[in-house]
$ cat start.cif   # mmCIF, C-alpha atoms
data_work
#
loop_
_atom_site.label_atom_id
_atom_site.label_comp_id
_atom_site.auth_asym_id
_atom_site.auth_seq_id
_atom_site.Cartn_x
_atom_site.Cartn_y
_atom_site.Cartn_z
CA MET A 1068 24.42 -1.74 12.99
CA SER A 1069 22.86 0.86 15.23
CA PRO A 1070 24.84 3.94 16.28
CA GLU A 1071 25.37 2.58 19.78
CA LEU A 1072 26.74 -0.72 18.42
CA VAL A 1073 29.08 1.12 16.04
CA GLN A 1074 30.40 3.02 19.07
CA GLY A 1075 31.10 -0.22 20.96
CA GLY A 1076 27.93 -0.60 23.02
CA PRO A 1077 26.26 -3.94 23.72
CA PRO A 1078 23.33 -5.27 21.67
CA THR A 1079 19.94 -4.31 23.12
CA VAL A 1080 16.27 -4.30 22.17
CA ALA A 1081 16.84 -0.74 20.96
CA SER A 1082 19.60 -1.87 18.58
CA ASP A 1083 17.29 -4.61 17.29
CA CYS A 1084 14.66 -1.92 16.66
CA TRP A 1085 17.21 0.03 14.61
CA ALA A 1086 17.79 -3.12 12.54
CA LEU A 1087 14.03 -3.48 12.06
CA GLY A 1088 13.87 0.12 10.84
CA CYS A 1089 16.66 -0.55 8.34
CA THR A 1090 14.91 -3.71 7.13
CA LEU A 1091 11.55 -1.96 6.76
CA HIS A 1092 13.15 0.91 4.85
CA HIS A 1093 14.89 -1.50 2.51
CA ALA A 1094 11.67 -3.48 1.93
CA LEU A 1095 9.58 -0.35 1.32
CA CYS A 1096 12.08 1.66 -0.73
CA GLY A 1097 14.22 -0.97 -2.42
CA LYS A 1098 17.43 0.34 -0.89
CA PRO A 1099 19.02 0.61 2.57
CA PRO A 1100 18.58 3.87 4.50
CA LEU A 1101 22.36 4.37 4.62
CA TRP A 1102 24.94 3.47 2.03
CA ALA A 1103 28.59 4.17 1.36
CA GLU A 1104 31.34 2.64 -0.74
CA THR A 1105 33.28 1.40 2.30
CA GLN A 1106 32.29 -0.15 5.58
CA ALA A 1107 34.18 2.55 7.48
CA GLU A 1108 32.25 5.34 5.75
CA THR A 1109 28.96 3.51 6.31
CA MET A 1110 29.73 3.34 10.03
CA ARG A 1111 30.57 7.06 10.11
CA ARG A 1112 27.24 7.79 8.43
CA VAL A 1113 25.38 5.63 10.94
CA VAL A 1114 26.86 7.57 13.86
CA ARG A 1115 26.03 10.92 12.23
CA PHE A 1116 22.61 9.83 10.89
CA GLY A 1117 20.05 12.61 11.06
CA GLY A 1118 16.97 10.92 9.62
CA ILE A 1119 15.44 10.26 6.24
CA GLU A 1120 14.09 13.07 4.11
CA ALA A 1121 10.40 12.76 3.22
CA GLU A 1122 11.18 12.89 -0.51
CA ALA A 1123 13.39 9.81 -0.19
CA TYR A 1124 10.31 7.58 0.02
CA PRO A 1125 8.44 6.36 -3.04
CA ALA A 1126 4.98 7.95 -3.29
CA ALA A 1127 3.31 4.57 -2.63
CA VAL A 1128 4.81 4.27 0.87
CA PRO A 1129 2.01 5.07 3.35
CA GLU A 1130 2.46 7.70 6.05
CA ALA A 1131 2.20 5.09 8.83
CA ALA A 1132 5.15 3.23 7.32
CA ARG A 1133 7.17 6.43 7.03
CA THR A 1134 6.56 7.36 10.67
CA ALA A 1135 7.40 3.83 11.83
CA VAL A 1136 10.72 3.85 9.97
CA ALA A 1137 11.52 7.35 11.23
CA ALA A 1138 10.77 6.33 14.82
CA LEU A 1139 12.83 3.14 14.53
CA LEU A 1140 15.79 4.99 13.03
CA GLN A 1141 16.23 7.54 15.80
CA ARG A 1142 19.95 7.96 16.47
CA ASP A 1143 19.34 8.21 20.25
CA ALA A 1144 18.51 4.70 21.47
CA ALA A 1145 16.39 6.00 24.38
CA ALA A 1146 14.25 8.06 21.98
CA ARG A 1147 13.95 5.24 19.45
CA LEU A 1148 10.65 3.38 19.06
CA GLY A 1149 11.20 0.23 21.11
CA GLY A 1150 14.15 1.74 22.97
CA GLY A 1151 12.16 2.96 25.95
CA GLU A 1152 10.71 1.13 28.92
CA ALA A 1153 7.82 -0.34 26.87
CA GLY A 1154 10.30 -2.04 24.53
CA VAL A 1155 8.86 -4.14 21.74
CA ALA A 1156 5.30 -3.48 22.94
CA ALA A 1157 5.74 0.13 21.80
CA VAL A 1158 6.75 -1.08 18.35
CA LEU A 1159 3.76 -3.38 18.09
CA SER A 1160 1.41 -0.58 19.11
CA HIS A 1161 2.54 1.70 16.24
CA PRO A 1162 -0.24 2.29 13.66
CA PHE A 1163 1.90 0.74 10.91
CA PHE A 1164 1.40 -2.67 12.52
CA ALA A 1165 -2.32 -2.16 13.28
CA GLU A 1166 -3.50 -3.90 10.10
CA LEU A 1167 -1.71 -7.13 10.91
CA PRO A 1168 -4.07 -9.91 12.01
CA ALA A 1169 -4.56 -10.15 15.78
CA GLY A 1170 -2.17 -12.67 17.26
CA SER A 1171 0.23 -12.65 14.32
CA LEU A 1172 2.71 -10.66 16.43
CA SER A 1173 3.38 -11.40 20.04
CA LEU A 1174 5.98 -10.65 22.66
#
$ encode --input "start.cif" --output "structure tokens"
Amino acid sequence: MSPELVQGGPPTVASDCWALGCTLHHALCGKPPLWAETQAETMRRVVRFGGIEAEAYPAAVPEAARTAVAALLQRDAAARLGGGEAGVAAVLSHPFFAELPAGSLSL
């Protein structure tokens, strides 16, 4: 759950982008970006989340993937990749997605 959802806000494209960032991090690193023993502590960590340290990524994770995850996991929904006026189009224009075949992603 994104910070704004944890704090009682409605689901939005920005909160979906947070979920995408969590999913990408898990796929690339083999673990979620945030973890705690209890759900309550996990939610506290989500609200206080300050980003992922560069050394947390395996060496094989390319820089474009790291910047995509970092941009998707911005605590502030308005500053988050996909959270602004351009929405999902901003996500699709990130260099991480540039190598996907044309037409494989659409709005």
$ atom_distance --input "start.cif" --atom1 "CA of Gln1074 (chain A)" --atom2 "CA of Val1136 (chain A)"
21.7 Å
$ residues_around --input "start.cif" --residues "region 1144-1149 of chain A" --least-positions-apart "2" --cutoff "10 Å" --atoms "only C-alpha atoms" --output "list in words"
Ser1069, Pro1070, Glu1071, Thr1079, Val1080, Ala1081, Ser1082, Asp1083, Cys1084, Trp1085, Gly1088, Ala1135, Val1136, Ala1137, Ala1138, Leu1139, Leu1140, Gln1141, Arg1142, Gly1151, Glu1152, Ala1153, Gly1154, Val1155, Ala1156, Ala1157, Val1158, Leu1159 and His1161 of chain A
$ resolve_selection --input "start.cif" --expression "the PyMOL selection byres ((chain A and resi 1108-1125) around 10)" --output "VMD selection string"
chain A and resid 1068 to 1074 1092 1095 to 1097 1100 to 1107 1126 to 1130 1132 to 1134 1136 to 1138 1140 to 1143
$ atom_distance --input "start.cif" --atom1 "CA of Ala1094 (chain A)" --atom2 "CA of Ala1165 (chain A)"
18.1 Å
$ atom_distance --input "start.cif" --atom1 "CA of Leu1167 (chain A)" --atom2 "CA of Ala1131 (chain A)"
13.0 Å
$ axis_aligned_box --input "start.cif" --around "region 1106-1123 of chain A" --padding-each-side "5 Å" --output "AutoDock Vina command-line options"
--center_x 22.3 --center_y 6.5 --center_z 6.7 --size_x 33.8 --size_y 23.2 --size_z 24.4
$ decode --input "start.cif" --residues "region 1116-1147 of chain A" --atoms "C-alpha atoms" --output "mmCIF file, in the first residue's frame"
data_model
loop_
_atom_site.group_PDB
_atom_site.id
_atom_site.type_symbol
_atom_site.label_atom_id
_atom_site.label_comp_id
_atom_site.auth_asym_id
_atom_site.auth_seq_id
_atom_site.Cartn_x
_atom_site.Cartn_y
_atom_site.Cartn_z
ATOM 1 C CA PHE A 1116 9.757 5.648 3.793
ATOM 2 C CA GLY A 1117 12.746 7.684 2.677
ATOM 3 C CA GLY A 1118 13.929 5.726 -0.359
ATOM 4 C CA ILE A 1119 16.154 2.782 -1.120
ATOM 5 C CA GLU A 1120 19.897 2.951 -0.593
ATOM 6 C CA ALA A 1121 21.972 2.322 -3.721
ATOM 7 C CA GLU A 1122 23.808 -0.569 -2.053
ATOM 8 C CA ALA A 1123 20.510 -2.380 -1.486
ATOM 9 C CA TYR A 1124 20.393 -3.370 -5.165
ATOM 10 C CA PRO A 1125 22.231 -6.389 -6.531
ATOM 11 C CA ALA A 1126 25.100 -5.355 -8.829
ATOM 12 C CA ALA A 1127 23.282 -6.805 -11.864
ATOM 13 C CA VAL A 1128 20.360 -4.364 -11.559
ATOM 14 C CA PRO A 1129 20.829 -1.727 -14.294
ATOM 15 C CA GLU A 1130 20.825 1.979 -13.477
ATOM 16 C CA ALA A 1131 17.626 2.559 -15.490
ATOM 17 C CA ALA A 1132 15.829 0.011 -13.316
ATOM 18 C CA ARG A 1133 17.151 1.630 -10.145
ATOM 19 C CA THR A 1134 15.985 5.090 -11.205
ATOM 20 C CA ALA A 1135 12.573 3.748 -12.234
ATOM 21 C CA VAL A 1136 12.050 2.077 -8.860
ATOM 22 C CA ALA A 1137 13.269 5.166 -7.010
ATOM 23 C CA ALA A 1138 10.903 7.404 -8.996
ATOM 24 C CA LEU A 1139 7.952 5.049 -8.461
ATOM 25 C CA LEU A 1140 8.609 4.814 -4.723
ATOM 26 C CA GLN A 1141 8.518 8.529 -3.971
ATOM 27 C CA ARG A 1142 6.615 9.045 -0.719
ATOM 28 C CA ASP A 1143 4.928 12.195 -2.093
ATOM 29 C CA ALA A 1144 2.298 11.045 -4.592
ATOM 30 C CA ALA A 1145 2.524 14.270 -6.626
ATOM 31 C CA ALA A 1146 6.298 13.828 -7.034
ATOM 32 C CA ARG A 1147 6.007 10.121 -7.844
#
